>>> print(open('input.cif').read())   # mmCIF, C-alpha atoms
data_target
#
loop_
_atom_site.group_PDB
_atom_site.id
_atom_site.type_symbol
_atom_site.label_atom_id
_atom_site.label_comp_id
_atom_site.auth_asym_id
_atom_site.auth_seq_id
_atom_site.Cartn_x
_atom_site.Cartn_y
_atom_site.Cartn_z
ATOM 1 C CA ALA A 1 3.692 32.759 11.019
ATOM 2 C CA GLN A 2 6.906 31.306 9.765
ATOM 3 C CA SER A 3 7.581 31.579 6.048
ATOM 4 C CA VAL A 4 10.325 30.918 3.540
ATOM 5 C CA THR A 5 10.942 32.970 0.414
ATOM 6 C CA GLN A 6 13.013 31.934 -2.545
ATOM 7 C CA PRO A 7 12.976 35.065 -4.688
ATOM 8 C CA ASP A 8 14.180 33.438 -7.896
ATOM 9 C CA ILE A 9 11.810 31.057 -9.660
ATOM 10 C CA HIS A 10 14.581 29.992 -12.019
ATOM 11 C CA ILE A 11 18.249 30.777 -12.543
ATOM 12 C CA THR A 12 20.444 30.061 -15.571
ATOM 13 C CA VAL A 13 24.169 29.554 -15.035
ATOM 14 C CA SER A 14 26.935 28.499 -17.384
ATOM 15 C CA GLU A 15 28.680 25.247 -16.620
ATOM 16 C CA GLY A 16 31.759 25.968 -14.543
ATOM 17 C CA ALA A 17 30.410 29.257 -13.221
ATOM 18 C CA SER A 18 29.665 29.948 -9.592
ATOM 19 C CA LEU A 19 26.170 29.722 -8.167
ATOM 20 C CA GLU A 20 24.234 31.389 -5.388
ATOM 21 C CA LEU A 21 20.594 30.579 -4.647
ATOM 22 C CA ARG A 22 18.783 32.857 -2.263
ATOM 23 C CA CYS A 23 16.616 31.916 0.671
ATOM 24 C CA ASN A 24 15.024 34.239 3.214
ATOM 25 C CA TYR A 25 12.987 33.145 6.189
ATOM 26 C CA SER A 26 10.651 34.784 8.603
ATOM 27 C CA TYR A 27 11.029 33.710 12.220
ATOM 28 C CA GLY A 28 11.915 35.567 15.416
ATOM 29 C CA ALA A 29 14.435 33.179 16.910
ATOM 30 C CA THR A 30 17.113 31.040 15.301
ATOM 31 C CA PRO A 31 15.445 28.517 13.036
ATOM 32 C CA TYR A 32 16.694 25.186 11.807
ATOM 33 C CA LEU A 33 17.426 25.554 8.091
ATOM 34 C CA PHE A 34 17.654 23.070 5.268
ATOM 35 C CA TRP A 35 18.369 22.899 1.565
ATOM 36 C CA TYR A 36 16.959 20.041 -0.492
ATOM 37 C CA VAL A 37 17.458 19.229 -4.162
ATOM 38 C CA GLN A 38 14.984 17.553 -6.501
ATOM 39 C CA SER A 39 16.284 16.139 -9.753
ATOM 40 C CA PRO A 40 13.783 15.552 -12.566
ATOM 41 C CA GLY A 41 11.540 12.593 -11.803
ATOM 42 C CA GLN A 42 13.014 12.165 -8.358
ATOM 43 C CA GLY A 43 12.100 12.873 -4.789
ATOM 44 C CA LEU A 44 13.870 15.434 -2.637
ATOM 45 C CA GLN A 45 17.350 14.838 -1.236
ATOM 46 C CA LEU A 46 18.880 16.727 1.669
ATOM 47 C CA LEU A 47 21.912 18.804 0.627
ATOM 48 C CA LEU A 48 22.762 20.376 3.970
ATOM 49 C CA LYS A 49 21.302 21.701 7.194
ATOM 50 C CA TYR A 50 22.049 24.302 9.836
ATOM 51 C CA PHE A 51 21.145 23.878 13.484
ATOM 52 C CA SER A 52 23.701 25.955 15.384
ATOM 53 C CA GLY A 53 27.397 26.725 15.577
ATOM 54 C CA ASP A 54 29.474 27.628 12.555
ATOM 55 C CA THR A 55 27.286 29.671 10.243
ATOM 56 C CA LEU A 56 28.960 28.269 7.141
ATOM 57 C CA VAL A 57 27.843 24.700 6.574
ATOM 58 C CA GLN A 58 29.138 22.220 4.069
ATOM 59 C CA GLY A 59 26.903 19.782 2.286
ATOM 60 C CA ILE A 60 27.011 17.066 -0.282
ATOM 61 C CA LYS A 61 27.912 17.507 -3.954
ATOM 62 C CA GLY A 62 30.196 20.468 -3.213
ATOM 63 C CA PHE A 63 27.457 22.777 -1.930
ATOM 64 C CA GLU A 64 27.700 25.102 1.041
ATOM 65 C CA ALA A 65 25.349 27.573 2.669
ATOM 66 C CA GLU A 66 25.792 30.481 5.013
ATOM 67 C CA PHE A 67 23.379 31.484 7.742
ATOM 68 C CA LYS A 68 23.166 35.249 8.204
ATOM 69 C CA ARG A 69 20.964 36.161 11.123
ATOM 70 C CA SER A 70 21.050 39.900 10.382
ATOM 71 C CA GLN A 71 19.650 39.277 6.910
ATOM 72 C CA SER A 72 17.401 36.332 7.806
ATOM 73 C CA SER A 73 19.044 34.484 4.962
ATOM 74 C CA PHE A 74 20.454 31.048 4.253
ATOM 75 C CA ASN A 75 21.869 31.236 0.738
ATOM 76 C CA LEU A 76 23.189 28.178 -1.068
ATOM 77 C CA ARG A 77 26.455 28.402 -2.979
ATOM 78 C CA LYS A 78 28.662 26.314 -5.200
ATOM 79 C CA PRO A 79 31.935 27.573 -6.675
ATOM 80 C CA SER A 80 31.648 25.725 -9.980
ATOM 81 C CA VAL A 81 28.453 24.102 -11.254
ATOM 82 C CA HIS A 82 28.262 20.951 -13.316
ATOM 83 C CA TRP A 83 25.572 20.008 -15.816
ATOM 84 C CA SER A 84 24.380 17.365 -13.344
ATOM 85 C CA ASP A 85 23.446 20.140 -10.901
ATOM 86 C CA ALA A 86 20.461 21.067 -13.069
ATOM 87 C CA ALA A 87 17.535 20.494 -10.731
ATOM 88 C CA GLU A 88 15.103 22.297 -8.482
ATOM 89 C CA TYR A 89 16.345 23.500 -5.122
ATOM 90 C CA PHE A 90 14.185 23.982 -2.060
ATOM 91 C CA CYS A 91 14.894 25.842 1.125
ATOM 92 C CA ALA A 92 12.997 24.818 4.257
ATOM 93 C CA VAL A 93 12.828 25.835 7.894
ATOM 94 C CA VAL A 94 11.685 24.255 11.118
ATOM 95 C CA ALA A 95 10.740 26.787 13.729
ATOM 96 C CA GLY A 96 10.962 26.043 17.416
ATOM 97 C CA SER A 97 9.856 22.659 18.655
ATOM 98 C CA ASN A 98 7.475 22.078 15.771
ATOM 99 C CA TYR A 99 8.584 19.197 13.597
ATOM 100 C CA GLN A 100 6.937 20.494 10.470
ATOM 101 C CA LEU A 101 9.076 21.810 7.657
ATOM 102 C CA ILE A 102 8.010 25.116 6.112
ATOM 103 C CA TRP A 103 9.039 25.131 2.463
ATOM 104 C CA GLY A 104 9.987 27.727 -0.094
ATOM 105 C CA ALA A 105 8.489 27.493 -3.574
ATOM 106 C CA GLY A 106 11.782 26.354 -5.078
ATOM 107 C CA THR A 107 14.337 27.656 -7.556
ATOM 108 C CA LYS A 108 14.887 25.812 -10.798
ATOM 109 C CA LEU A 109 18.538 25.761 -11.843
ATOM 110 C CA ILE A 110 19.274 25.618 -15.555
ATOM 111 C CA ILE A 111 22.830 24.945 -16.713
ATOM 112 C CA LYS A 112 24.061 26.371 -20.012
ATOM 113 C CA PRO A 113 26.732 24.322 -21.784
ATOM 114 C CA GLU B 1 14.421 -2.180 -2.589
ATOM 115 C CA THR B 2 16.048 0.589 -0.668
ATOM 116 C CA GLY B 3 14.922 3.928 0.666
ATOM 117 C CA VAL B 4 11.366 5.063 0.043
ATOM 118 C CA THR B 5 9.384 3.637 -2.848
ATOM 119 C CA GLN B 6 6.078 4.829 -4.254
ATOM 120 C CA THR B 7 3.633 3.162 -6.621
ATOM 121 C CA PRO B 8 2.318 3.897 -9.101
ATOM 122 C CA ARG B 9 4.690 6.515 -10.495
ATOM 123 C CA HIS B 10 1.993 7.930 -12.752
ATOM 124 C CA LEU B 11 -1.783 7.824 -12.400
ATOM 125 C CA VAL B 12 -4.567 9.247 -14.517
ATOM 126 C CA MET B 13 -8.020 9.047 -13.037
ATOM 127 C CA GLY B 14 -11.445 10.434 -13.658
ATOM 128 C CA MET B 15 -13.284 12.455 -11.090
ATOM 129 C CA THR B 16 -15.550 9.548 -10.202
ATOM 130 C CA ASN B 17 -12.807 6.952 -9.821
ATOM 131 C CA LYS B 18 -11.376 5.490 -6.644
ATOM 132 C CA LYS B 19 -7.669 4.768 -6.543
ATOM 133 C CA SER B 20 -4.906 4.374 -3.984
ATOM 134 C CA LEU B 21 -1.310 5.501 -3.776
ATOM 135 C CA LYS B 22 1.158 3.305 -1.968
ATOM 136 C CA CYS B 23 4.339 4.209 -0.140
ATOM 137 C CA GLU B 24 6.829 1.840 1.459
ATOM 138 C CA GLN B 25 9.954 2.714 3.390
ATOM 139 C CA HIS B 26 12.794 0.266 3.914
ATOM 140 C CA LEU B 27 14.694 2.408 6.412
ATOM 141 C CA GLY B 28 13.222 1.276 9.710
ATOM 142 C CA HIS B 29 11.748 4.708 10.330
ATOM 143 C CA ASN B 30 8.849 5.456 12.649
ATOM 144 C CA ALA B 31 7.358 8.555 11.029
ATOM 145 C CA MET B 32 5.821 8.872 7.578
ATOM 146 C CA TYR B 33 4.424 11.842 5.674
ATOM 147 C CA TRP B 34 2.285 12.671 2.651
ATOM 148 C CA TYR B 35 3.034 15.894 0.780
ATOM 149 C CA LYS B 36 1.367 17.520 -2.224
ATOM 150 C CA GLN B 37 3.670 19.280 -4.678
ATOM 151 C CA SER B 38 2.058 21.637 -7.187
ATOM 152 C CA ALA B 39 3.965 23.676 -9.750
ATOM 153 C CA LYS B 40 5.430 26.936 -8.455
ATOM 154 C CA LYS B 41 4.007 26.382 -4.942
ATOM 155 C CA PRO B 42 5.700 25.281 -1.746
ATOM 156 C CA LEU B 43 5.288 21.688 -0.685
ATOM 157 C CA GLU B 44 2.100 21.203 1.264
ATOM 158 C CA LEU B 45 2.172 18.800 4.163
ATOM 159 C CA MET B 46 -1.000 16.713 4.119
ATOM 160 C CA PHE B 47 -0.714 13.997 6.748
ATOM 161 C CA VAL B 48 1.787 12.781 9.316
ATOM 162 C CA TYR B 49 1.931 9.390 10.994
ATOM 163 C CA ASN B 50 4.149 8.400 13.878
ATOM 164 C CA PHE B 51 4.213 4.766 15.001
ATOM 165 C CA LYS B 52 1.134 4.163 12.799
ATOM 166 C CA GLU B 53 -0.856 6.884 14.550
ATOM 167 C CA GLN B 54 -1.953 9.971 12.659
ATOM 168 C CA THR B 55 -0.525 13.051 14.311
ATOM 169 C CA GLU B 56 -1.341 15.673 11.727
ATOM 170 C CA ASN B 57 -4.077 16.382 9.202
ATOM 171 C CA ASN B 58 -3.493 19.768 7.671
ATOM 172 C CA SER B 59 -7.092 20.542 6.746
ATOM 173 C CA VAL B 60 -7.029 18.094 3.880
ATOM 174 C CA PRO B 61 -10.362 17.481 2.115
ATOM 175 C CA SER B 62 -12.039 14.201 2.983
ATOM 176 C CA ARG B 63 -11.684 12.971 -0.592
ATOM 177 C CA PHE B 64 -8.117 12.141 0.502
ATOM 178 C CA SER B 65 -8.041 9.337 3.051
ATOM 179 C CA PRO B 66 -4.727 8.099 4.482
ATOM 180 C CA GLU B 67 -4.039 4.692 5.946
ATOM 181 C CA CYS B 68 -0.982 3.492 7.816
ATOM 182 C CA PRO B 69 -1.222 -0.231 8.630
ATOM 183 C CA ASN B 70 2.341 -0.375 9.994
ATOM 184 C CA SER B 71 5.397 1.837 10.263
ATOM 185 C CA SER B 72 6.675 0.726 6.860
ATOM 186 C CA HIS B 73 3.607 1.297 4.731
ATOM 187 C CA LEU B 74 1.484 4.332 4.000
ATOM 188 C CA PHE B 75 -1.452 4.616 1.639
ATOM 189 C CA LEU B 76 -3.417 7.527 0.278
ATOM 190 C CA HIS B 77 -6.903 6.564 -0.852
ATOM 191 C CA LEU B 78 -8.433 8.865 -3.434
ATOM 192 C CA HIS B 79 -12.084 9.277 -4.414
ATOM 193 C CA THR B 80 -14.151 11.866 -6.274
ATOM 194 C CA LEU B 81 -11.134 14.059 -6.865
ATOM 195 C CA GLN B 82 -11.166 17.421 -8.589
ATOM 196 C CA PRO B 83 -8.927 18.595 -11.458
ATOM 197 C CA GLU B 84 -7.112 20.917 -9.044
ATOM 198 C CA ASP B 85 -5.938 17.831 -7.168
ATOM 199 C CA SER B 86 -3.622 17.044 -10.061
ATOM 200 C CA ALA B 87 -0.111 17.239 -8.633
ATOM 201 C CA LEU B 88 2.928 15.245 -7.588
ATOM 202 C CA TYR B 89 2.261 13.383 -4.346
ATOM 203 C CA LEU B 90 5.367 12.735 -2.330
ATOM 204 C CA CYS B 91 5.822 10.328 0.509
ATOM 205 C CA ALA B 92 8.590 10.806 3.061
ATOM 206 C CA SER B 93 9.808 9.102 6.196
ATOM 207 C CA SER B 94 12.032 10.028 9.109
ATOM 208 C CA GLN B 95 13.484 8.161 12.060
ATOM 209 C CA ASP B 96 11.077 9.942 14.389
ATOM 210 C CA LEU B 97 9.151 13.207 14.521
ATOM 211 C CA GLY B 98 11.233 16.284 15.129
ATOM 212 C CA GLY B 99 12.002 18.061 11.885
ATOM 213 C CA SER B 100 14.974 19.808 13.354
ATOM 214 C CA MET B 101 16.710 16.578 14.232
ATOM 215 C CA TYR B 102 15.575 13.924 11.836
ATOM 216 C CA GLU B 103 16.138 14.161 8.126
ATOM 217 C CA GLN B 104 13.163 13.339 5.958
ATOM 218 C CA TYR B 105 13.796 10.851 3.154
ATOM 219 C CA PHE B 106 11.570 11.220 0.123
ATOM 220 C CA GLY B 107 10.196 8.821 -2.416
ATOM 221 C CA PRO B 108 10.122 9.713 -6.130
ATOM 222 C CA GLY B 109 6.465 10.649 -6.017
ATOM 223 C CA THR B 110 3.287 9.736 -7.878
ATOM 224 C CA ARG B 111 2.321 12.100 -10.671
ATOM 225 C CA LEU B 112 -1.477 12.290 -10.467
ATOM 226 C CA THR B 113 -3.642 13.704 -13.230
ATOM 227 C CA VAL B 114 -7.373 14.088 -12.633
ATOM 228 C CA THR B 115 -9.441 14.371 -15.794
#
>>> encode(input="input.cif", output="structure tokens")
Amino acid sequence: AQSVTQPDIHITVSEGASLELRCNYSYGATPYLFWYVQSPGQGLQLLLKYFSGDTLVQGIKGFEAEFKRSQSSFNLRKPSVHWSDAAEYFCAVVAGSNYQLIWGAGTKLIIKP
Amino acid sequence: ETGVTQTPRHLVMGMTNKKSLKCEQHLGHNAMYWYKQSAKKPLELMFVYNFKEQTENNSVPSRFSPECPNSSHLFLHLHTLQPEDSALYLCASSQDLGGSMYEQYFGPGTRLTVT
């Protein structure tokens, strides 16, 4: 069965520092991959997605993610975080023709001033 | 109103109560979803509707009863809930089914507490 693992429950980063959030998936073929963000009291918003092509994808709010087939990973990065990036980040995958998203448990990002 | 709205935002109910959650999308989408979000757990898909027809029920207990009168509105009727049902209930919509192609837009959720 397909699964998504986000190994870090929470991460603390200083404002202005770089960020990398990890996501690993389990699926035999190339999946469709997503990163969503959930700010406190809000629903989820799509940051970026990967379907095919260039393995480095750009998203909103200065985020990017890189698909690495050999590592079954789709890590989210940002070169310099802002206090407004404090939120919970979710990785998700759609496998094959199924429309259902399989979700990771999320990583909570805490920003130190 | 724009996007996906949910009411109420917060709900406290006893185990013997009956209540309903409401979701409305103003995006002209055809598919709507109910998710349950519990702390430190992945989102759980509960129900999916496409063109008002239910296409998915992920083994949800019968104390949760969805209703989709039209493509813009989705309800979740609750009765005789258990404390473990306390969670954030999220509604989402997408243009059509096909998670790989159609982004899901989420509402802010209803924070449900069962006492």
>>> interface_residues(input="input.cif", of="chain A", to="chain B", cutoff="8 Å", atoms="all atoms listed in the file", output="VMD selection string")
chain A and resid 9 32 41 to 46 51 94 97 to 101 103 to 106
>>> residues_around(input="input.cif", residues="Pro8 in chain B", least_positions_apart="2", cutoff="7 Å", atoms="all atoms listed in the file", output="compact mmCIF listing (two decimals) with C-alpha atoms, keeping the file's coordinate frame")
# COMPACT_ATOMS: atom_id res chain seq x y z
CA GLN B 6 6.08 4.83 -4.25
CA HIS B 10 1.99 7.93 -12.75
CA LEU B 11 -1.78 7.82 -12.40
CA LEU B 21 -1.31 5.50 -3.78
CA THR B 110 3.29 9.74 -7.88
>>> atom_distance(input="input.cif", atom1="CA of Phe34 in chain A", atom2="CA of Ala65 in chain A")
9.3 Å
>>> closest_residue(input="input.cif", among="A:Val37, A:Leu19, A:Ala29, A:Leu109", to="Arg69 in chain A", atoms="all atoms listed in the file")
A:Ala29
>>> atom_distance(input="input.cif", atom1="CA of Val114 in chain B", atom2="CA of Ala87 in chain B")
8.9 Å
>>> resolve_selection(input="input.cif", expression="the PyMOL selection byres ((chain A and resi 11) around 8)", output="list in words")
Asp8, Ile9, His10, Thr12, Val13, Thr107, Lys108, Leu109 and Ile110 of chain A
>>> atom_distance(input="input.cif", atom1="CA of His26 in chain B", atom2="CA of Glu67 in chain B")
17.5 Å
>>> residues_around(input="input.cif", residues="Phe75 in chain B", least_positions_apart="6", cutoff="7 Å", atoms="only C-alpha atoms", output="ChimeraX atom specification")
/B:20-23,66-68
>>> closest_residue(input="input.cif", among="A:Tyr89, A:Ile60, A:Ala1, A:Ile102", to="Tyr35 in chain B", atoms="only C-alpha atoms")
A:Ile102
>>> resolve_selection(input="input.cif", expression="the PyMOL selection byres ((chain A and resi 23) around 10)", output="PDB file with C-alpha atoms, keeping the file's coordinate frame")
ATOM      1  CA  VAL A   4      10.325  30.918   3.540  1.00  0.00           C
ATOM      2  CA  THR A   5      10.942  32.970   0.414  1.00  0.00           C
ATOM      3  CA  GLN A   6      13.013  31.934  -2.545  1.00  0.00           C
ATOM      4  CA  PRO A   7      12.976  35.065  -4.688  1.00  0.00           C
ATOM      5  CA  ASP A   8      14.180  33.438  -7.896  1.00  0.00           C
ATOM      6  CA  GLU A  20      24.234  31.389  -5.388  1.00  0.00           C
ATOM      7  CA  LEU A  21      20.594  30.579  -4.647  1.00  0.00           C
ATOM      8  CA  ARG A  22      18.783  32.857  -2.263  1.00  0.00           C
ATOM      9  CA  ASN A  24      15.024  34.239   3.214  1.00  0.00           C
ATOM     10  CA  TYR A  25      12.987  33.145   6.189  1.00  0.00           C
ATOM     11  CA  LEU A  33      17.426  25.554   8.091  1.00  0.00           C
ATOM     12  CA  TRP A  35      18.369  22.899   1.565  1.00  0.00           C
ATOM     13  CA  ALA A  65      25.349  27.573   2.669  1.00  0.00           C
ATOM     14  CA  PHE A  67      23.379  31.484   7.742  1.00  0.00           C
ATOM     15  CA  SER A  72      17.401  36.332   7.806  1.00  0.00           C
ATOM     16  CA  SER A  73      19.044  34.484   4.962  1.00  0.00           C
ATOM     17  CA  PHE A  74      20.454  31.048   4.253  1.00  0.00           C
ATOM     18  CA  ASN A  75      21.869  31.236   0.738  1.00  0.00           C
ATOM     19  CA  LEU A  76      23.189  28.178  -1.068  1.00  0.00           C
ATOM     20  CA  PHE A  90      14.185  23.982  -2.060  1.00  0.00           C
ATOM     21  CA  CYS A  91      14.894  25.842   1.125  1.00  0.00           C
ATOM     22  CA  ALA A  92      12.997  24.818   4.257  1.00  0.00           C
ATOM     23  CA  GLY A 104       9.987  27.727  -0.094  1.00  0.00           C
ATOM     24  CA  GLY A 106      11.782  26.354  -5.078  1.00  0.00           C
ATOM     25  CA  THR A 107      14.337  27.656  -7.556  1.00  0.00           C
TER      26      THR A 107
END
>>> closest_residue(input="input.cif", among="A:Ser18, A:Lys49, A:Val93, A:Pro113", to="Arg77 in chain A", atoms="all atoms listed in the file")
A:Ser18
>>> residues_around(input="input.cif", residues="Val12 in chain B", least_positions_apart="3", cutoff="8 Å", atoms="only C-alpha atoms", output="list in words")
Leu112, Thr113, Val114 and Thr115 of chain B
>>> residues_around(input="input.cif", residues="Ser65 in chain B", least_positions_apart="4", cutoff="12 Å", atoms="all atoms listed in the file", output="list in words")
Lys18, Lys19, Ser20, Leu21, Trp34, Met46, Phe47, Gln54, Asn57, Ser59, Val60, Pro61, Leu74, Phe75, Leu76, His77, Leu78, His79, Thr80 and Leu81 of chain B
>>> closest_residue(input="input.cif", among="A:Val57, A:Glu15, A:Ser3, A:Phe63", to="Tyr27 in chain A", atoms="all atoms listed in the file")
A:Ser3
>>> closest_residue(input="input.cif", among="B:Asn17, B:Thr7, B:Asn30, B:Thr2", to="Ser71 in chain B", atoms="only C-alpha atoms")
B:Asn30
>>> resolve_selection(input="input.cif", expression="the PyMOL selection byres ((chain A and resi 55) around 8)", output="NGL selection string")
:A and (50 or 52-54 or 56-57 or 66-68)
>>> closest_residue(input="input.cif", among="B:Met32, B:Pro69, B:Glu84, B:Lys52", to="Met15 in chain B", atoms="only C-alpha atoms")
B:Glu84
>>> decode(input="input.cif", residues="range 5-93 of chain B", atoms="C-alpha atoms", output="PDB file, in the first residue's frame")
ATOM      1  CA  THR B   5     -16.485  28.042   3.826  1.00  0.00           C
ATOM      2  CA  GLN B   6     -17.408  25.882   6.794  1.00  0.00           C
ATOM      3  CA  THR B   7     -19.826  26.476   9.650  1.00  0.00           C
ATOM      4  CA  PRO B   8     -19.684  26.361  12.546  1.00  0.00           C
ATOM      5  CA  ARG B   9     -15.977  26.907  13.166  1.00  0.00           C
ATOM      6  CA  HIS B  10     -16.212  25.395  16.634  1.00  0.00           C
ATOM      7  CA  LEU B  11     -18.705  22.907  18.045  1.00  0.00           C
ATOM      8  CA  VAL B  12     -19.011  21.269  21.433  1.00  0.00           C
ATOM      9  CA  MET B  13     -21.556  18.511  21.698  1.00  0.00           C
ATOM     10  CA  GLY B  14     -22.531  15.786  24.077  1.00  0.00           C
ATOM     11  CA  MET B  15     -22.546  12.169  23.083  1.00  0.00           C
ATOM     12  CA  THR B  16     -26.327  12.107  22.797  1.00  0.00           C
ATOM     13  CA  ASN B  17     -26.663  15.257  20.708  1.00  0.00           C
ATOM     14  CA  LYS B  18     -27.401  15.565  17.015  1.00  0.00           C
ATOM     15  CA  LYS B  19     -25.658  18.305  15.085  1.00  0.00           C
ATOM     16  CA  SER B  20     -24.650  19.089  11.520  1.00  0.00           C
ATOM     17  CA  LEU B  21     -21.579  20.572   9.903  1.00  0.00           C
ATOM     18  CA  LYS B  22     -22.011  22.631   6.779  1.00  0.00           C
ATOM     19  CA  CYS B  23     -19.631  23.225   3.906  1.00  0.00           C
ATOM     20  CA  GLU B  24     -20.149  25.503   0.920  1.00  0.00           C
ATOM     21  CA  GLN B  25     -17.843  26.032  -2.023  1.00  0.00           C
ATOM     22  CA  HIS B  26     -18.029  29.087  -4.252  1.00  0.00           C
ATOM     23  CA  LEU B  27     -15.609  27.794  -6.880  1.00  0.00           C
ATOM     24  CA  GLY B  28     -17.925  26.006  -9.281  1.00  0.00           C
ATOM     25  CA  HIS B  29     -16.319  22.670  -8.483  1.00  0.00           C
ATOM     26  CA  ASN B  30     -17.930  19.285  -9.018  1.00  0.00           C
ATOM     27  CA  ALA B  31     -16.227  17.200  -6.334  1.00  0.00           C
ATOM     28  CA  MET B  32     -16.387  17.658  -2.574  1.00  0.00           C
ATOM     29  CA  TYR B  33     -14.679  15.846   0.288  1.00  0.00           C
ATOM     30  CA  TRP B  34     -14.891  15.408   4.052  1.00  0.00           C
ATOM     31  CA  TYR B  35     -11.656  14.780   5.948  1.00  0.00           C
ATOM     32  CA  LYS B  36     -10.967  14.141   9.631  1.00  0.00           C
ATOM     33  CA  GLN B  37      -7.789  15.672  11.038  1.00  0.00           C
ATOM     34  CA  SER B  38      -6.586  14.385  14.406  1.00  0.00           C
ATOM     35  CA  ALA B  39      -3.424  15.544  16.144  1.00  0.00           C
ATOM     36  CA  LYS B  40      -0.225  13.855  14.972  1.00  0.00           C
ATOM     37  CA  LYS B  41      -2.104  11.642  12.473  1.00  0.00           C
ATOM     38  CA  PRO B  42      -2.406  11.883   8.713  1.00  0.00           C
ATOM     39  CA  LEU B  43      -5.582  13.333   7.294  1.00  0.00           C
ATOM     40  CA  GLU B  44      -8.257  10.697   6.976  1.00  0.00           C
ATOM     41  CA  LEU B  45     -10.518  10.854   3.968  1.00  0.00           C
ATOM     42  CA  MET B  46     -14.085  10.153   5.065  1.00  0.00           C
ATOM     43  CA  PHE B  47     -16.408  10.765   2.132  1.00  0.00           C
ATOM     44  CA  VAL B  48     -16.194  11.885  -1.478  1.00  0.00           C
ATOM     45  CA  TYR B  49     -18.968  13.271  -3.649  1.00  0.00           C
ATOM     46  CA  ASN B  50     -18.808  13.923  -7.359  1.00  0.00           C
ATOM     47  CA  PHE B  51     -21.729  15.669  -9.059  1.00  0.00           C
ATOM     48  CA  LYS B  52     -23.754  15.131  -5.850  1.00  0.00           C
ATOM     49  CA  GLU B  53     -23.197  11.374  -5.932  1.00  0.00           C
ATOM     50  CA  GLN B  54     -21.215   9.673  -3.196  1.00  0.00           C
ATOM     51  CA  THR B  55     -18.235   7.904  -4.694  1.00  0.00           C
ATOM     52  CA  GLU B  56     -16.321   6.993  -1.576  1.00  0.00           C
ATOM     53  CA  ASN B  57     -17.077   6.016   2.007  1.00  0.00           C
ATOM     54  CA  ASN B  58     -13.876   5.024   3.715  1.00  0.00           C
ATOM     55  CA  SER B  59     -15.379   2.708   6.320  1.00  0.00           C
ATOM     56  CA  VAL B  60     -16.750   5.604   8.307  1.00  0.00           C
ATOM     57  CA  PRO B  61     -19.012   4.705  11.252  1.00  0.00           C
ATOM     58  CA  SER B  62     -22.707   5.253  10.641  1.00  0.00           C
ATOM     59  CA  ARG B  63     -22.849   7.918  13.343  1.00  0.00           C
ATOM     60  CA  PHE B  64     -21.436  10.169  10.595  1.00  0.00           C
ATOM     61  CA  SER B  65     -23.945  10.740   7.812  1.00  0.00           C
ATOM     62  CA  PRO B  66     -23.057  12.923   4.811  1.00  0.00           C
ATOM     63  CA  GLU B  67     -25.469  14.764   2.572  1.00  0.00           C
ATOM     64  CA  CYS B  68     -24.782  16.553  -0.685  1.00  0.00           C
ATOM     65  CA  PRO B  69     -27.911  18.308  -1.994  1.00  0.00           C
ATOM     66  CA  ASN B  70     -26.020  20.007  -4.842  1.00  0.00           C
ATOM     67  CA  SER B  71     -22.466  20.451  -6.056  1.00  0.00           C
ATOM     68  CA  SER B  72     -21.969  23.547  -3.906  1.00  0.00           C
ATOM     69  CA  HIS B  73     -23.102  22.258  -0.540  1.00  0.00           C
ATOM     70  CA  LEU B  74     -21.986  19.394   1.651  1.00  0.00           C
ATOM     71  CA  PHE B  75     -23.219  18.475   5.103  1.00  0.00           C
ATOM     72  CA  LEU B  76     -21.998  16.084   7.744  1.00  0.00           C
ATOM     73  CA  HIS B  77     -24.726  15.004  10.142  1.00  0.00           C
ATOM     74  CA  LEU B  78     -23.503  13.838  13.526  1.00  0.00           C
ATOM     75  CA  HIS B  79     -25.307  11.738  16.133  1.00  0.00           C
ATOM     76  CA  THR B  80     -24.315   9.715  19.192  1.00  0.00           C
ATOM     77  CA  LEU B  81     -20.661  10.552  18.739  1.00  0.00           C
ATOM     78  CA  GLN B  82     -17.831   9.276  20.892  1.00  0.00           C
ATOM     79  CA  PRO B  83     -15.074  11.322  22.576  1.00  0.00           C
ATOM     80  CA  GLU B  84     -12.555   9.904  20.094  1.00  0.00           C
ATOM     81  CA  ASP B  85     -14.487  11.661  17.335  1.00  0.00           C
ATOM     82  CA  SER B  86     -13.177  14.972  18.629  1.00  0.00           C
ATOM     83  CA  ALA B  87     -11.069  16.399  15.814  1.00  0.00           C
ATOM     84  CA  LEU B  88     -10.867  19.055  13.129  1.00  0.00           C
ATOM     85  CA  TYR B  89     -13.231  18.251  10.267  1.00  0.00           C
ATOM     86  CA  LEU B  90     -12.116  19.664   6.967  1.00  0.00           C
ATOM     87  CA  CYS B  91     -14.131  20.094   3.835  1.00  0.00           C
ATOM     88  CA  ALA B  92     -12.452  20.348   0.441  1.00  0.00           C
ATOM     89  CA  SER B  93     -13.501  20.689  -3.164  1.00  0.00           C
TER      90      SER B  93
END
